[in-house]
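Colleague: Data: protein_14.tsv, TSV, C-alpha atoms and all ligand atoms.
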chain	number	residue	atom	x	y	z
A	655	MET	CA	67.02	61.29	32.51
A	656	CYS	CA	70.27	63.07	32.99
A	657	LYS	CA	68.59	66.22	34.28
A	658	PHE	CA	67.76	64.93	37.70
A	659	PRO	CA	71.28	63.94	38.84
A	660	ARG	CA	72.64	67.18	37.42
A	661	ARG	CA	70.22	69.19	39.55
A	662	ILE	CA	71.23	67.19	42.56
A	663	SER	CA	74.86	67.85	41.87
A	664	ALA	CA	74.23	71.55	41.34
A	665	PHE	CA	72.46	71.62	44.66
A	666	HIS	CA	75.42	69.84	46.24
A	667	ASP	CA	77.85	72.34	44.77
A	668	LYS	CA	75.87	75.21	46.22
A	669	GLU	CA	75.65	73.42	49.49
A	670	ILE	CA	79.43	72.91	49.55
A	671	ILE	CA	80.03	76.57	48.71
A	672	ARG	CA	77.61	77.65	51.44
A	673	ARG	CA	79.16	75.29	53.95
A	674	GLY	CA	82.62	76.42	52.90
A	675	TYR	CA	81.67	80.01	53.57
A	676	HIS	CA	80.23	79.08	56.93
A	677	HIS	CA	83.34	77.12	57.75
A	678	GLU	CA	85.58	80.09	56.97
A	679	THR	CA	83.41	82.40	59.05
A	680	THR	CA	83.54	79.93	61.92
A	681	VAL	CA	87.31	79.62	61.66
A	682	PHE	CA	87.64	83.42	61.51
A	683	LEU	CA	85.41	83.91	64.56
A	684	PHE	CA	87.23	81.15	66.40
A	685	HIS	CA	90.58	82.85	65.73
A	686	ARG	CA	89.15	86.17	66.88
A	687	PHE	CA	87.90	84.47	70.01
A	688	LEU	CA	91.30	82.84	70.62
A	689	SER	CA	93.21	86.10	70.24
A	690	LEU	CA	90.75	87.88	72.53
A	691	LEU	CA	91.17	85.09	75.07
A	692	LEU	CA	94.95	85.35	74.78
A	693	VAL	CA	94.83	89.13	75.36
A	694	LEU	CA	92.60	88.60	78.40
A	695	VAL	CA	94.89	85.93	79.84
A	696	ILE	CA	98.01	88.06	79.26
A	697	SER	CA	96.53	91.20	80.82
A	698	PHE	CA	95.17	89.20	83.74
A	699	THR	CA	98.58	87.61	84.36
A	700	ALA	CA	100.37	90.96	83.97
A	701	GLY	CA	97.92	92.53	86.41
A	702	ARG	CA	98.51	89.76	88.90
A	703	VAL	CA	102.30	90.10	88.62
A	704	ALA	CA	102.09	93.90	89.00
A	705	ALA	CA	99.78	93.60	91.99
A	706	GLN	CA	102.12	91.06	93.53
A	707	SER	CA	105.24	93.21	93.20
A	708	GLU	CA	103.31	96.24	94.50
A	709	ASN	CA	102.29	94.33	97.59
A	710	GLU	CA	105.78	93.09	98.29
A	711	PRO	CA	107.43	95.06	101.08
A	712	TYR	CA	110.30	97.37	100.26
A	713	ARG	CA	113.23	96.58	102.52
A	714	ALA	CA	115.57	99.56	102.81
A	715	THR	CA	119.29	98.98	103.08
A	716	ILE	CA	121.82	101.21	104.80
A	717	SER	CA	123.81	102.98	102.07
A	718	SER	CA	127.48	103.91	102.20
A	719	ASP	CA	126.39	107.30	103.58
A	720	GLY	CA	124.84	105.48	106.55
A	721	VAL	CA	121.32	106.47	105.49
A	722	GLN	CA	118.36	104.29	104.52
A	723	HIS	CA	117.00	105.87	101.35
A	724	VAL	CA	113.34	105.28	100.57
A	725	ASN	CA	111.40	106.64	97.61
A	726	ILE	CA	107.63	106.82	97.81
A	727	ARG	CA	105.36	107.64	94.89
A	728	ALA	CA	101.87	108.86	95.67
A	729	GLY	CA	98.75	109.23	93.55
A	730	ASP	CA	94.98	108.69	93.47
A	731	TYR	CA	94.76	106.78	95.83
A	732	PHE	CA	97.95	104.99	96.67
A	733	PHE	CA	101.39	105.06	98.14
A	734	ARG	CA	104.04	102.88	96.46
A	735	PRO	CA	105.57	101.03	98.08
A	736	ARG	CA	102.92	100.69	100.73
A	737	HIS	CA	104.95	98.49	103.05
A	738	ILE	CA	108.41	99.76	103.95
A	739	ILE	CA	110.84	98.00	106.23
A	740	VAL	CA	113.68	99.98	107.84
A	741	LYS	CA	116.23	99.30	110.55
A	742	VAL	CA	115.87	100.88	113.97
A	743	ASN	CA	118.35	103.57	115.08
A	744	ALA	CA	119.62	104.28	111.57
A	745	PRO	CA	118.63	107.48	109.77
A	746	VAL	CA	115.91	107.25	107.14
A	747	MET	CA	115.58	109.64	104.22
A	748	LEU	CA	112.09	109.48	102.80
A	749	VAL	CA	111.64	111.13	99.40
A	750	VAL	CA	107.97	111.50	98.53
A	751	ARG	CA	106.49	112.72	95.27
A	752	VAL	CA	103.01	112.82	93.75
A	753	GLU	CA	103.32	111.16	90.34
A	754	GLN	CA	99.85	111.53	88.86
A	755	GLY	CA	96.50	113.23	89.23
A	756	VAL	CA	95.45	116.74	90.23
A	757	ILE	CA	93.88	115.83	93.56
A	758	PRO	CA	95.90	117.23	96.49
A	759	HIS	CA	97.51	114.65	98.76
A	760	GLY	CA	99.41	114.68	102.01
A	761	LEU	CA	101.46	112.42	104.20
A	762	VAL	CA	100.92	111.73	107.88
A	763	LEU	CA	103.22	109.45	109.82
A	764	LYS	CA	102.87	109.95	113.55
A	765	ALA	CA	104.82	107.56	115.72
A	766	PRO	CA	105.91	109.40	118.88
A	767	LYS	CA	107.13	106.10	120.35
A	768	ALA	CA	109.68	105.86	117.54
A	769	ASN	CA	110.33	109.61	117.44
A	770	ILE	CA	108.72	110.11	114.01
A	771	SER	CA	106.36	112.97	113.28
A	772	ILE	CA	105.38	113.85	109.73
A	773	ASP	CA	102.32	115.83	108.64
A	774	GLU	CA	102.85	117.59	105.33
A	775	ASP	CA	101.11	118.36	102.06
A	776	LEU	CA	102.65	116.63	99.06
A	777	SER	CA	103.25	117.88	95.53
A	778	ARG	CA	104.82	116.85	92.24
A	779	GLU	CA	108.10	118.22	93.59
A	780	SER	CA	110.01	115.65	95.62
A	781	GLN	CA	109.81	116.29	99.33
A	782	THR	CA	112.36	114.89	101.71
A	783	PHE	CA	111.70	113.79	105.28
A	784	THR	CA	114.53	112.61	107.48
A	785	PHE	CA	114.19	110.88	110.83
A	786	THR	CA	115.79	108.15	112.88
A	787	PRO	CA	113.29	105.58	114.15
A	788	THR	CA	114.13	104.81	117.78
A	789	ALA	CA	111.72	101.94	118.46
A	790	PRO	CA	110.77	98.85	116.49
A	791	GLY	CA	107.14	98.45	115.51
A	792	LYS	CA	104.63	98.85	112.72
A	793	TYR	CA	103.55	102.42	112.12
A	794	ALA	CA	100.79	103.44	109.74
A	795	PHE	CA	101.23	106.27	107.29
A	796	TYR	CA	98.39	107.71	105.26
A	797	CYS	CA	96.97	110.62	103.32
A	798	PRO	CA	94.79	112.79	105.57
A	799	LYS	CA	92.85	114.45	102.72
A	800	LYS	CA	89.11	114.22	102.53
A	801	LEU	CA	86.65	116.12	100.37
A	802	LEU	CA	83.39	117.12	102.06
A	803	PHE	CA	81.20	114.10	102.70
A	804	PHE	CA	83.21	111.78	100.43
A	805	LYS	CA	85.31	108.92	101.72
A	806	SER	CA	88.75	109.97	102.93
A	807	HIS	CA	91.76	109.16	100.79
A	808	ARG	CA	92.84	106.76	103.51
A	809	GLU	CA	89.53	104.93	103.17
A	810	HIS	CA	90.21	104.81	99.41
A	811	GLY	CA	93.36	102.84	100.20
A	812	MET	CA	95.89	105.65	100.45
A	813	GLU	CA	97.78	104.23	103.38
A	814	GLY	CA	100.78	102.11	104.16
A	815	VAL	CA	102.96	100.72	106.91
A	816	LEU	CA	106.43	101.67	108.00
A	817	GLU	CA	107.86	98.66	109.75
A	818	VAL	CA	110.85	99.34	111.97
A	819	VAL	CA	112.89	96.26	112.75
A	820	GLU	CA	115.90	95.44	114.96
B	1	CU	CU	95.36	111.83	99.18
Can I see the file as structure tokens?

Modeller:
Amino acid sequence: MCKFPRRISAFHDKEIIRRGYHHETTVFLFHRFLSLLLVLVISFTAGRVAAQSENEPYRATISSDGVQHVNIRAGDYFFRPRHIIVKVNAPVMLVVRVEQGVIPHGLVLKAPKANISIDEDLSRESQTFTFTPTAPGKYAFYCPKKLLFFKSHREHGMEGVLEVVE
């Protein structure tokens, strides 16, 4: 007479153990999922912040030497910053350097109206270009490189704007 309830209880014990195991697995997987979600959210946010600061224009100031110093880093396929604001009729010293990659890049900035003419190959050594913009306006600069039938570097996004303001 006592056998039956005992079997039931043994079954229940097993069931509890099995459920307990399942519960732990579920909790473990849930924690894994949460940490993965957290990593995704953090990297997404970081990416957004980075993209935002990259897209913000760089506004040059006139230093004590009377020059507007601007540093540009280039790579596959970008210029950073890609939007530069300088004052008209004040000398600009542009220092450009390729910071990554083995693909050759160049810099073209042709704005005859503002008396700017740059067309040079770039390298990992810093190159300096000096000019004094004489007319306000927005002037495009870009990498002129293109390999065979592939898209040009400019089409890949290797371009920017020099904005000359009063
Ligand atoms: Cu290029």

Colleague: Counting all atoms listed in the file, what are the residues of chain A within 6 Å of ligand CU 1 (chain B), and for each of them which pair of atoms is the nearest and at what distance in Å, to one decimal? Sort the table by chain and rising number, as CSV.

Modeller:
residue,atom,partner,partner_atom,distance
A:His759,CA,B:CU1,CU,3.6
A:Gly760,CA,B:CU1,CU,5.7
A:Cys797,CA,B:CU1,CU,4.6
A:Lys799,CA,B:CU1,CU,5.1
A:His807,CA,B:CU1,CU,4.8

Colleague: Quick one, how far is atom CA of Leu801 of chain A from atom CA of Phe732 of chain A?

Modeller: 16.3 Å

Colleague: Any idea what the distance is between atom CA of Asn725 of chain A and atom CA of Pro766 of chain A?

Modeller: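 It comes out at 22.1 Å.
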
Colleague: Put a box with edges along x, y and z around all the listed atoms of segment 787-806 of chain A, pad it by 6 Å on each side, then give me its centre and sizes in Å, one decimal, as lines of an AutoDock Vina configuration file.

Modeller:
center_x = 97.7
center_y = 107.8
center_z = 109.4
size_x = 44.9
size_y = 30.7
size_z = 30.1

Colleague: What is the distance between atom CA of Gly814 of chain A and atom CA of Leu761 of chain A, in Å to one decimal?

Modeller: 10.3 Å

Colleague: Calculated over only C-alpha atoms, which of the candidates A:Val724, A:Leu748, A:Ala768, A:Ala794 has the smallest distance to Met812 of chain A?

Modeller: A:Ala794

Colleague: Of the candidates A:Ala789, A:Val750, A:His737, A:Pro711, which one gets nearest to His723 of chain A if we count all atoms listed in the file?

Modeller: A:Val750

Colleague: For Val746 of chain A, list every protein, DNA or RNA residue within 7 Å, evaluated using all atoms listed in the file, and leave out those in the same chain fewer than 3 positions away; present the list as number ranges by chain.

Modeller: A: 721-723, 784-786

Colleague: Using only C-alpha atoms, what residues lie at most 10 Å away from (103.8, 106.8, 109.6) (file coordinates), given as a list of chain:residue names?

Modeller: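 Those residues lying close to the given coordinates are A:Leu761, A:Val762, A:Leu763, A:Lys764, A:Ala765, A:Pro766, A:Ala768, A:Ile770, A:Ser771, A:Ile772, A:Asp773, A:Lys792, A:Tyr793, A:Ala794, A:Phe795, A:Tyr796, A:Glu813, A:Gly814, A:Val815, A:Leu816, A:Glu817.
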
Colleague: With all atoms listed in the file counted, which protein, DNA or RNA residues have an atom no more than 12 Å from (110.6, 92.4, 99.0) in the file frame? Please answer as a PDB file with C-alpha atoms, in the frame of the given file.

Modeller:
ATOM      1  CA  GLN A 706     102.120  91.060  93.530  1.00  0.00           C
ATOM      2  CA  SER A 707     105.240  93.210  93.200  1.00  0.00           C
ATOM      3  CA  GLU A 708     103.310  96.240  94.500  1.00  0.00           C
ATOM      4  CA  ASN A 709     102.290  94.330  97.590  1.00  0.00           C
ATOM      5  CA  GLU A 710     105.780  93.090  98.290  1.00  0.00           C
ATOM      6  CA  PRO A 711     107.430  95.060 101.080  1.00  0.00           C
ATOM      7  CA  TYR A 712     110.300  97.370 100.260  1.00  0.00           C
ATOM      8  CA  ARG A 713     113.230  96.580 102.520  1.00  0.00           C
ATOM      9  CA  ALA A 714     115.570  99.560 102.810  1.00  0.00           C
ATOM     10  CA  THR A 715     119.290  98.980 103.080  1.00  0.00           C
ATOM     11  CA  PRO A 735     105.570 101.030  98.080  1.00  0.00           C
ATOM     12  CA  ARG A 736     102.920 100.690 100.730  1.00  0.00           C
ATOM     13  CA  HIS A 737     104.950  98.490 103.050  1.00  0.00           C
ATOM     14  CA  ILE A 738     108.410  99.760 103.950  1.00  0.00           C
ATOM     15  CA  ILE A 739     110.840  98.000 106.230  1.00  0.00           C
TER      16      ILE A 739
END

Colleague: For each of A:Asp719, A:Asn769, A:Lys805, A:Arg727, take the minimum atom-to-atom distance to Pro787 of chain A, counting all atoms listed in the file, then give the residue where this is smallest.

Modeller: A:Asn769
